[in-house]
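As stored in my_file_22.txt (compact mmCIF, C-alpha atoms):
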```
# COMPACT_ATOMS: atom_id res chain seq x y z
CA MET A 146 74.32 -184.77 3.03
CA ALA A 147 74.90 -182.68 -0.07
CA LEU A 148 75.19 -183.38 -3.76
CA THR A 149 78.61 -183.14 -5.34
CA PHE A 150 79.03 -180.47 -7.96
CA PRO A 151 79.88 -182.15 -11.29
CA GLN A 152 83.35 -180.99 -12.25
CA ILE A 153 82.75 -180.14 -15.91
CA ASP A 154 85.53 -178.22 -17.60
CA PRO A 155 83.98 -174.87 -18.67
CA VAL A 156 86.19 -175.05 -21.78
CA MET A 157 84.77 -177.39 -24.42
CA VAL A 158 87.60 -177.12 -26.93
CA SER A 159 90.86 -175.21 -26.67
CA PHE A 160 92.87 -174.03 -29.67
CA GLY A 161 96.50 -173.13 -29.56
CA PRO A 162 98.31 -171.64 -27.79
CA PHE A 163 99.34 -169.17 -30.47
CA GLU A 164 101.90 -166.42 -30.32
CA ILE A 165 101.58 -163.16 -32.24
CA PHE A 166 104.03 -160.29 -31.85
CA GLY A 167 105.37 -161.86 -28.70
CA HIS A 168 101.95 -162.23 -27.06
CA SER A 169 100.63 -165.71 -26.34
CA PHE A 170 96.93 -166.45 -26.41
CA GLU A 171 94.80 -169.57 -26.38
CA PRO A 172 91.34 -169.18 -27.96
CA ALA A 173 88.74 -171.60 -26.73
CA LEU A 174 85.11 -172.59 -27.18
CA ARG A 175 83.45 -172.47 -23.78
CA TRP A 176 80.25 -174.15 -22.69
CA TYR A 177 78.73 -170.78 -21.78
CA GLY A 178 79.29 -169.39 -25.27
CA PHE A 179 78.13 -172.66 -26.80
CA MET A 180 74.84 -172.34 -24.92
CA TYR A 181 74.28 -168.93 -26.52
CA LEU A 182 74.85 -170.62 -29.87
CA VAL A 183 72.31 -173.33 -29.00
CA GLY A 184 69.71 -170.70 -28.17
CA PHE A 185 70.43 -168.77 -31.37
CA VAL A 186 70.20 -171.84 -33.63
CA ALA A 187 66.99 -173.03 -31.95
CA ALA A 188 65.42 -169.58 -32.35
CA MET A 189 66.47 -169.46 -36.00
CA TRP A 190 64.91 -172.86 -36.72
CA LEU A 191 61.62 -172.06 -34.99
CA LEU A 192 61.28 -168.57 -36.48
CA ASN A 193 62.06 -169.86 -39.97
CA ARG A 194 59.33 -172.44 -39.56
CA TYR A 195 56.97 -169.67 -38.46
CA ALA A 196 57.93 -167.61 -41.52
CA ASP A 197 57.33 -170.55 -43.85
CA ARG A 198 53.79 -170.91 -42.48
CA SER A 199 52.96 -167.19 -42.30
CA ASN A 200 51.46 -166.94 -45.81
CA GLY A 201 54.01 -164.36 -46.87
CA GLN A 202 53.76 -162.15 -43.77
CA TRP A 203 57.37 -163.03 -42.94
CA THR A 204 60.25 -164.25 -45.08
CA ARG A 205 63.40 -166.06 -44.06
CA ASP A 206 65.48 -163.04 -45.05
CA GLN A 207 63.45 -160.86 -42.70
CA VAL A 208 63.91 -163.41 -39.93
CA SER A 209 67.67 -163.39 -40.57
CA ASP A 210 67.76 -159.60 -40.17
CA LEU A 211 65.78 -159.85 -36.96
CA LEU A 212 68.05 -162.53 -35.52
CA PHE A 213 71.23 -160.67 -36.45
CA TYR A 214 70.25 -157.45 -34.70
CA SER A 215 68.69 -159.31 -31.78
CA PHE A 216 71.92 -161.24 -31.27
CA LEU A 217 73.86 -157.98 -31.21
CA GLY A 218 71.32 -156.62 -28.73
CA VAL A 219 71.73 -159.62 -26.44
CA ILE A 220 75.53 -159.45 -26.43
CA LEU A 221 75.97 -155.68 -26.18
CA GLY A 222 72.96 -155.04 -23.97
CA GLY A 223 73.73 -158.01 -21.73
CA ARG A 224 77.29 -156.88 -21.09
CA ILE A 225 76.52 -153.17 -20.71
CA GLY A 226 73.57 -153.99 -18.46
CA TYR A 227 75.69 -156.25 -16.26
CA VAL A 228 78.29 -153.53 -15.80
CA ILE A 229 75.71 -150.81 -15.07
CA PHE A 230 73.35 -152.82 -12.87
CA TYR A 231 75.86 -154.92 -10.95
CA HIS A 232 79.38 -153.44 -11.21
CA PHE A 233 79.03 -149.75 -11.98
CA ASP A 234 81.64 -149.01 -9.31
CA LEU A 235 84.25 -151.04 -11.21
CA PHE A 236 83.31 -149.28 -14.44
CA LEU A 237 83.78 -145.86 -12.84
CA ALA A 238 87.18 -146.92 -11.53
CA ASN A 239 88.20 -148.49 -14.86
CA PRO A 240 85.99 -147.90 -17.94
CA PHE A 241 87.86 -150.67 -19.77
CA TYR A 242 86.18 -153.12 -17.39
CA LEU A 243 83.29 -153.02 -19.87
CA PHE A 244 85.45 -154.87 -22.40
CA GLN A 245 86.98 -157.35 -19.95
CA ILE A 246 84.43 -160.02 -20.78
CA THR A 247 86.34 -162.72 -18.90
CA GLN A 248 85.57 -160.80 -15.69
CA GLY A 249 81.91 -160.86 -14.84
CA GLY A 250 79.11 -161.91 -17.10
CA MET A 251 75.87 -160.85 -18.73
CA SER A 252 72.64 -159.35 -17.44
CA PHE A 253 69.31 -160.66 -18.68
CA HIS A 254 67.62 -157.30 -18.15
CA GLY A 255 70.38 -155.53 -20.09
CA GLY A 256 70.09 -158.10 -22.87
CA LEU A 257 66.32 -157.55 -22.90
CA ILE A 258 66.80 -153.82 -23.41
CA GLY A 259 69.22 -154.58 -26.25
CA VAL A 260 66.71 -156.89 -27.94
CA ILE A 261 63.91 -154.34 -27.50
CA LEU A 262 66.02 -151.74 -29.33
CA ALA A 263 66.74 -154.29 -32.07
CA MET A 264 63.03 -155.06 -32.45
CA PHE A 265 62.19 -151.36 -32.66
CA TYR A 266 64.72 -151.05 -35.48
CA ILE A 267 63.40 -154.09 -37.35
CA ALA A 268 59.79 -152.98 -36.92
CA ARG A 269 60.59 -149.59 -38.45
CA LYS A 270 62.71 -151.10 -41.22
CA GLN A 271 60.09 -153.67 -42.22
CA GLY A 272 57.02 -151.44 -41.77
CA ARG A 273 55.56 -153.33 -38.80
CA THR A 274 54.44 -152.35 -35.33
CA PHE A 275 56.79 -153.14 -32.47
CA PHE A 276 54.43 -155.65 -30.90
CA GLN A 277 53.97 -157.51 -34.18
CA VAL A 278 57.68 -158.23 -33.99
CA SER A 279 57.89 -158.88 -30.26
CA ASP A 280 54.88 -161.23 -30.26
CA MET A 281 56.67 -163.42 -32.79
CA VAL A 282 59.98 -163.37 -30.92
CA ALA A 283 58.74 -163.85 -27.34
CA PRO A 284 57.86 -167.58 -27.51
CA VAL A 285 61.39 -168.60 -28.60
CA VAL A 286 63.32 -166.51 -26.06
CA PRO A 287 62.99 -169.04 -23.18
CA ILE A 288 65.11 -171.53 -25.14
CA GLY A 289 68.09 -169.19 -24.99
CA LEU A 290 67.37 -168.33 -21.36
CA GLY A 291 67.29 -171.98 -20.35
CA ALA A 292 70.46 -172.78 -22.28
CA GLY A 293 72.23 -169.84 -20.66
CA ARG A 294 71.33 -171.07 -17.18
CA ILE A 295 72.86 -174.46 -17.98
CA GLY A 296 75.99 -172.54 -18.96
CA ASN A 297 75.91 -170.73 -15.60
CA PHE A 298 75.65 -174.07 -13.81
CA ILE A 299 78.59 -175.57 -15.69
CA ASN A 300 80.63 -172.48 -14.82
CA GLY A 301 79.72 -172.95 -11.16
CA GLU A 302 78.44 -169.37 -10.87
CA LEU A 303 75.29 -167.59 -9.70
CA TRP A 304 74.65 -170.21 -7.05
CA GLY A 305 71.88 -170.09 -4.46
CA ARG A 306 71.78 -169.47 -0.74
CA VAL A 307 72.85 -171.94 1.93
CA THR A 308 70.24 -174.66 2.41
CA ASP A 309 69.59 -178.00 4.08
CA VAL A 310 67.39 -179.45 1.33
CA PRO A 311 68.50 -182.93 0.18
CA TRP A 312 69.49 -181.61 -3.27
CA GLY A 313 71.69 -178.85 -1.86
CA MET A 314 75.05 -178.67 -3.62
CA VAL A 315 78.52 -177.56 -2.58
CA PHE A 316 79.81 -175.21 -5.28
CA PRO A 317 83.52 -174.53 -5.84
CA GLY A 318 84.36 -171.10 -4.51
CA ALA A 319 81.12 -170.80 -2.52
CA GLY A 320 82.36 -172.23 0.75
CA PRO A 321 81.85 -175.64 2.37
CA LEU A 322 78.09 -175.42 2.92
CA PRO A 323 75.48 -176.81 0.50
CA ARG A 324 73.52 -174.28 -1.51
CA HIS A 325 70.46 -174.20 -3.71
CA PRO A 326 71.36 -175.01 -7.34
CA SER A 327 69.44 -171.90 -8.35
CA GLN A 328 70.79 -172.03 -11.91
CA LEU A 329 68.84 -175.27 -12.42
CA TYR A 330 65.73 -173.72 -10.88
CA GLN A 331 66.03 -170.91 -13.40
CA PHE A 332 66.52 -173.41 -16.22
CA ALA A 333 63.32 -175.18 -15.17
CA LEU A 334 61.23 -172.01 -14.70
CA GLU A 335 62.66 -169.39 -17.10
CA GLY A 336 63.50 -172.01 -19.70
CA VAL A 337 61.15 -174.99 -19.70
CA ALA A 338 58.08 -173.65 -17.86
CA LEU A 339 58.13 -170.26 -19.61
CA PHE A 340 58.51 -171.90 -23.03
CA LEU A 341 55.51 -174.16 -22.40
CA LEU A 342 53.46 -171.28 -21.03
CA LEU A 343 54.09 -169.15 -24.10
CA TYR A 344 53.67 -172.06 -26.50
CA PHE A 345 50.16 -172.88 -25.28
CA TYR A 346 49.19 -169.23 -24.76
CA SER A 347 50.19 -168.28 -28.31
CA ARG A 348 48.25 -171.13 -29.92
CA LYS A 349 45.04 -169.07 -29.72
CA PRO A 350 44.48 -165.66 -31.35
CA ARG A 351 45.50 -162.89 -28.97
CA GLN A 352 45.36 -159.14 -29.15
CA THR A 353 48.57 -157.52 -30.34
CA GLY A 354 51.06 -157.28 -27.50
CA ALA A 355 49.43 -159.92 -25.29
CA ILE A 356 52.01 -162.61 -26.05
CA SER A 357 54.80 -160.15 -25.27
CA GLY A 358 52.96 -159.26 -22.08
CA MET A 359 52.72 -162.91 -21.05
CA PHE A 360 56.46 -163.26 -21.56
CA LEU A 361 57.16 -160.25 -19.34
CA LEU A 362 54.70 -161.43 -16.72
CA GLY A 363 55.91 -165.04 -16.70
CA TYR A 364 59.60 -164.19 -16.64
CA GLY A 365 59.15 -161.53 -13.97
CA ILE A 366 57.24 -163.89 -11.66
CA PHE A 367 59.62 -166.80 -12.19
CA ARG A 368 62.68 -164.60 -11.63
CA CYS A 369 61.21 -163.14 -8.44
CA ILE A 370 60.52 -166.65 -7.16
CA VAL A 371 64.05 -167.90 -7.79
CA GLU A 372 65.57 -164.74 -6.31
CA THR A 373 64.18 -165.81 -2.91
CA VAL A 374 66.77 -168.61 -2.83
CA ARG A 375 69.48 -167.19 -5.09
CA GLN A 376 72.52 -165.62 -3.45
CA PRO A 377 72.51 -161.88 -4.18
CA ASP A 378 75.63 -160.32 -5.65
CA SER A 379 78.05 -159.63 -2.83
CA GLN A 380 78.69 -156.04 -3.90
CA LEU A 381 74.93 -155.28 -3.87
CA GLY A 382 73.36 -157.40 -1.13
CA PHE A 383 69.72 -156.79 -0.29
CA TYR A 384 67.63 -153.67 -0.88
CA PHE A 385 65.17 -152.68 1.85
CA GLY A 386 66.53 -155.63 3.81
CA PHE A 387 64.93 -158.35 1.67
CA MET A 388 64.81 -157.52 -2.06
CA THR A 389 67.49 -158.30 -4.63
CA MET A 390 68.44 -156.35 -7.74
CA GLY A 391 66.91 -159.13 -9.87
CA GLN A 392 63.55 -158.64 -8.15
CA ILE A 393 63.68 -154.86 -8.44
CA LEU A 394 64.33 -155.12 -12.17
CA SER A 395 61.60 -157.75 -12.62
CA ILE A 396 58.75 -155.90 -10.93
CA PRO A 397 58.33 -153.37 -13.79
CA MET A 398 58.25 -156.33 -16.19
CA ILE A 399 55.36 -157.88 -14.25
CA LEU A 400 53.38 -154.64 -14.16
CA PHE A 401 53.87 -153.83 -17.84
CA GLY A 402 53.13 -157.45 -18.76
CA LEU A 403 49.78 -157.24 -16.95
CA TYR A 404 49.00 -154.01 -18.77
CA LEU A 405 49.70 -155.54 -22.18
CA ILE A 406 47.58 -158.61 -21.46
CA PHE A 407 44.53 -156.82 -20.10
CA ARG A 408 44.53 -153.53 -21.99
CA LYS A 409 41.46 -152.85 -24.10
CA GLN A 410 42.10 -153.54 -27.77
CA ASP A 411 40.49 -155.36 -30.65
CA ALA A 412 41.58 -158.99 -31.01
CA LYS A 413 44.00 -159.86 -33.81
```

Would it be possible to restate this file's structure as structure tokens?
Amino acid sequence: MALTFPQIDPVMVSFGPFEIFGHSFEPALRWYGFMYLVGFVAAMWLLNRYADRSNGQWTRDQVSDLLFYSFLGVILGGRIGYVIFYHFDLFLANPFYLFQITQGGMSFHGGLIGVILAMFYIARKQGRTFFQVSDMVAPVVPIGLGAGRIGNFINGELWGRVTDVPWGMVFPGAGPLPRHPSQLYQFALEGVALFLLLYFYSRKPRQTGAISGMFLLGYGIFRCIVETVRQPDSQLGFYFGFMTMGQILSIPMILFGLYLIFRKQDAK
């Protein structure tokens, strides 16, 4: 027995078709893009609340700047990271593949690098340390991660390995055998569990960088766990016979997260 994949149209709303200079196109709002919007709006609401209660340490204008550059970092870094980490061969054969956003997706680790660069810029612009910025941002990131995994599930992509568990699901395009709904596992761990972990951890005073470290540690562990049942990208397969690219990229996060949490420093 296997669960039936819910056939949800990835396109929420379609506009058009329109024709310009003899070329027809049909813009659409897709669930995947909408999930990015959900994560952005939720982060904006929570960070504005934080700014309002920060006794002047942060303003809403400063939060707006942070969100703007972070959003650019997610989009640009996520796409560039996906191409480099998972489809560099296609990029070498056709550099314009980078801009073919309807082919392939986004990489979390690439998006993380993009956000890190954005936070470095904001920290310098606003006269803060990097970890003062990242400690504020880290607790809201899981909302976007969880929303993105729901988008992956609706798209019927990034499915898990073949399984005989009762909740196994047959995904369109993945063959006739039931598979782990690994997107939902990631929603539960990288979204819900990581948000709760960071929420309760950040409620007490922590040394600068510790909250960022807990994010890196928690995400890295959760991602490594899910990768044990997630189907690796066909063009990459396994490294060393058992590791996936997602695990390889997450191990440095775990190690650096541990360093930030346990390094010797005066408490905030």

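One distance worth recording is that between atom CA of A:Tyr266 and atom CA of A:Gly358, which is 19.6 Å.
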
Can you tell me, as a PDB file with C-alpha atoms, in the coordinates of the input, what residues are no more than 9 Å from A:Tyr177 when counting only C-alpha atoms, ignoring any on the same chain fewer than 2 positions away?
```pdb
ATOM      1  CA  PRO A 155      83.980-174.870 -18.670  1.00  0.00           C
ATOM      2  CA  VAL A 156      86.190-175.050 -21.780  1.00  0.00           C
ATOM      3  CA  LEU A 174      85.110-172.590 -27.180  1.00  0.00           C
ATOM      4  CA  ARG A 175      83.450-172.470 -23.780  1.00  0.00           C
ATOM      5  CA  PHE A 179      78.130-172.660 -26.800  1.00  0.00           C
ATOM      6  CA  MET A 180      74.840-172.340 -24.920  1.00  0.00           C
ATOM      7  CA  TYR A 181      74.280-168.930 -26.520  1.00  0.00           C
ATOM      8  CA  LEU A 182      74.850-170.620 -29.870  1.00  0.00           C
ATOM      9  CA  ALA A 292      70.460-172.780 -22.280  1.00  0.00           C
ATOM     10  CA  GLY A 293      72.230-169.840 -20.660  1.00  0.00           C
ATOM     11  CA  ARG A 294      71.330-171.070 -17.180  1.00  0.00           C
ATOM     12  CA  ILE A 295      72.860-174.460 -17.980  1.00  0.00           C
ATOM     13  CA  GLY A 296      75.990-172.540 -18.960  1.00  0.00           C
ATOM     14  CA  ASN A 297      75.910-170.730 -15.600  1.00  0.00           C
ATOM     15  CA  ILE A 299      78.590-175.570 -15.690  1.00  0.00           C
ATOM     16  CA  ASN A 300      80.630-172.480 -14.820  1.00  0.00           C
TER      17      ASN A 300
END
```

Interatomic distance, atom CA of A:Arg324 to atom CA of A:Asp309 (Å, one decimal): 7.8 Å

Work out how far atom CA of A:Ala319 is from atom CA of A:Tyr384, in Å to one decimal. 21.9 Å

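Proximity of A:Gly391, A:Gly382, A:Gly301, A:Gly178 to A:Phe253, computed with all atoms listed in the file, is greatest for A:Gly391.
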
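Each of A:Leu334, A:Ile229, A:Leu405, A:Met359 was compared to A:Ser347 using only C-alpha atoms, and A:Met359 turns out to be the nearest.
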
Could you check which of A:Gln331, A:Ala187, A:Thr353, A:Asp210 is closest to A:Arg408, using all atoms listed in the file? A:Thr353

Skip A:Leu361 itself and residues of its chain fewer than 2 positions away, then list as a PyMOL selection string all residues within 9 Å of it, counting all atoms listed in the file. chain A and resi 283+356-359+363-366+395+397-403

Which of these residues is nearest to A:Thr389, using all atoms listed in the file: A:Arg205, A:Lys409, A:Arg368, A:Lys270? A:Arg368

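For A:Pro377, the list of residues within 10 Å, based on all atoms listed in the file and with local chain neighbours fewer than 2 positions off taken out, reads Leu303, Trp304, Gly305, Arg306, Glu372, Thr373, Val374, Arg375, Ser379, Gln380, Leu381, Gly382, Phe383, Met388, Thr389, Met390 and Gly391 of chain A.
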
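With distances restricted to all atoms listed in the file, A:Gly289 is the closest residue to A:Val186 from A:Gly354, A:Pro317, A:Pro326, A:Gly289.
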
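Distances to A:Ala268 were evaluated for A:Tyr344, A:Trp203, A:Tyr404, A:Phe367 using only C-alpha atoms, and the minimum falls at A:Trp203.
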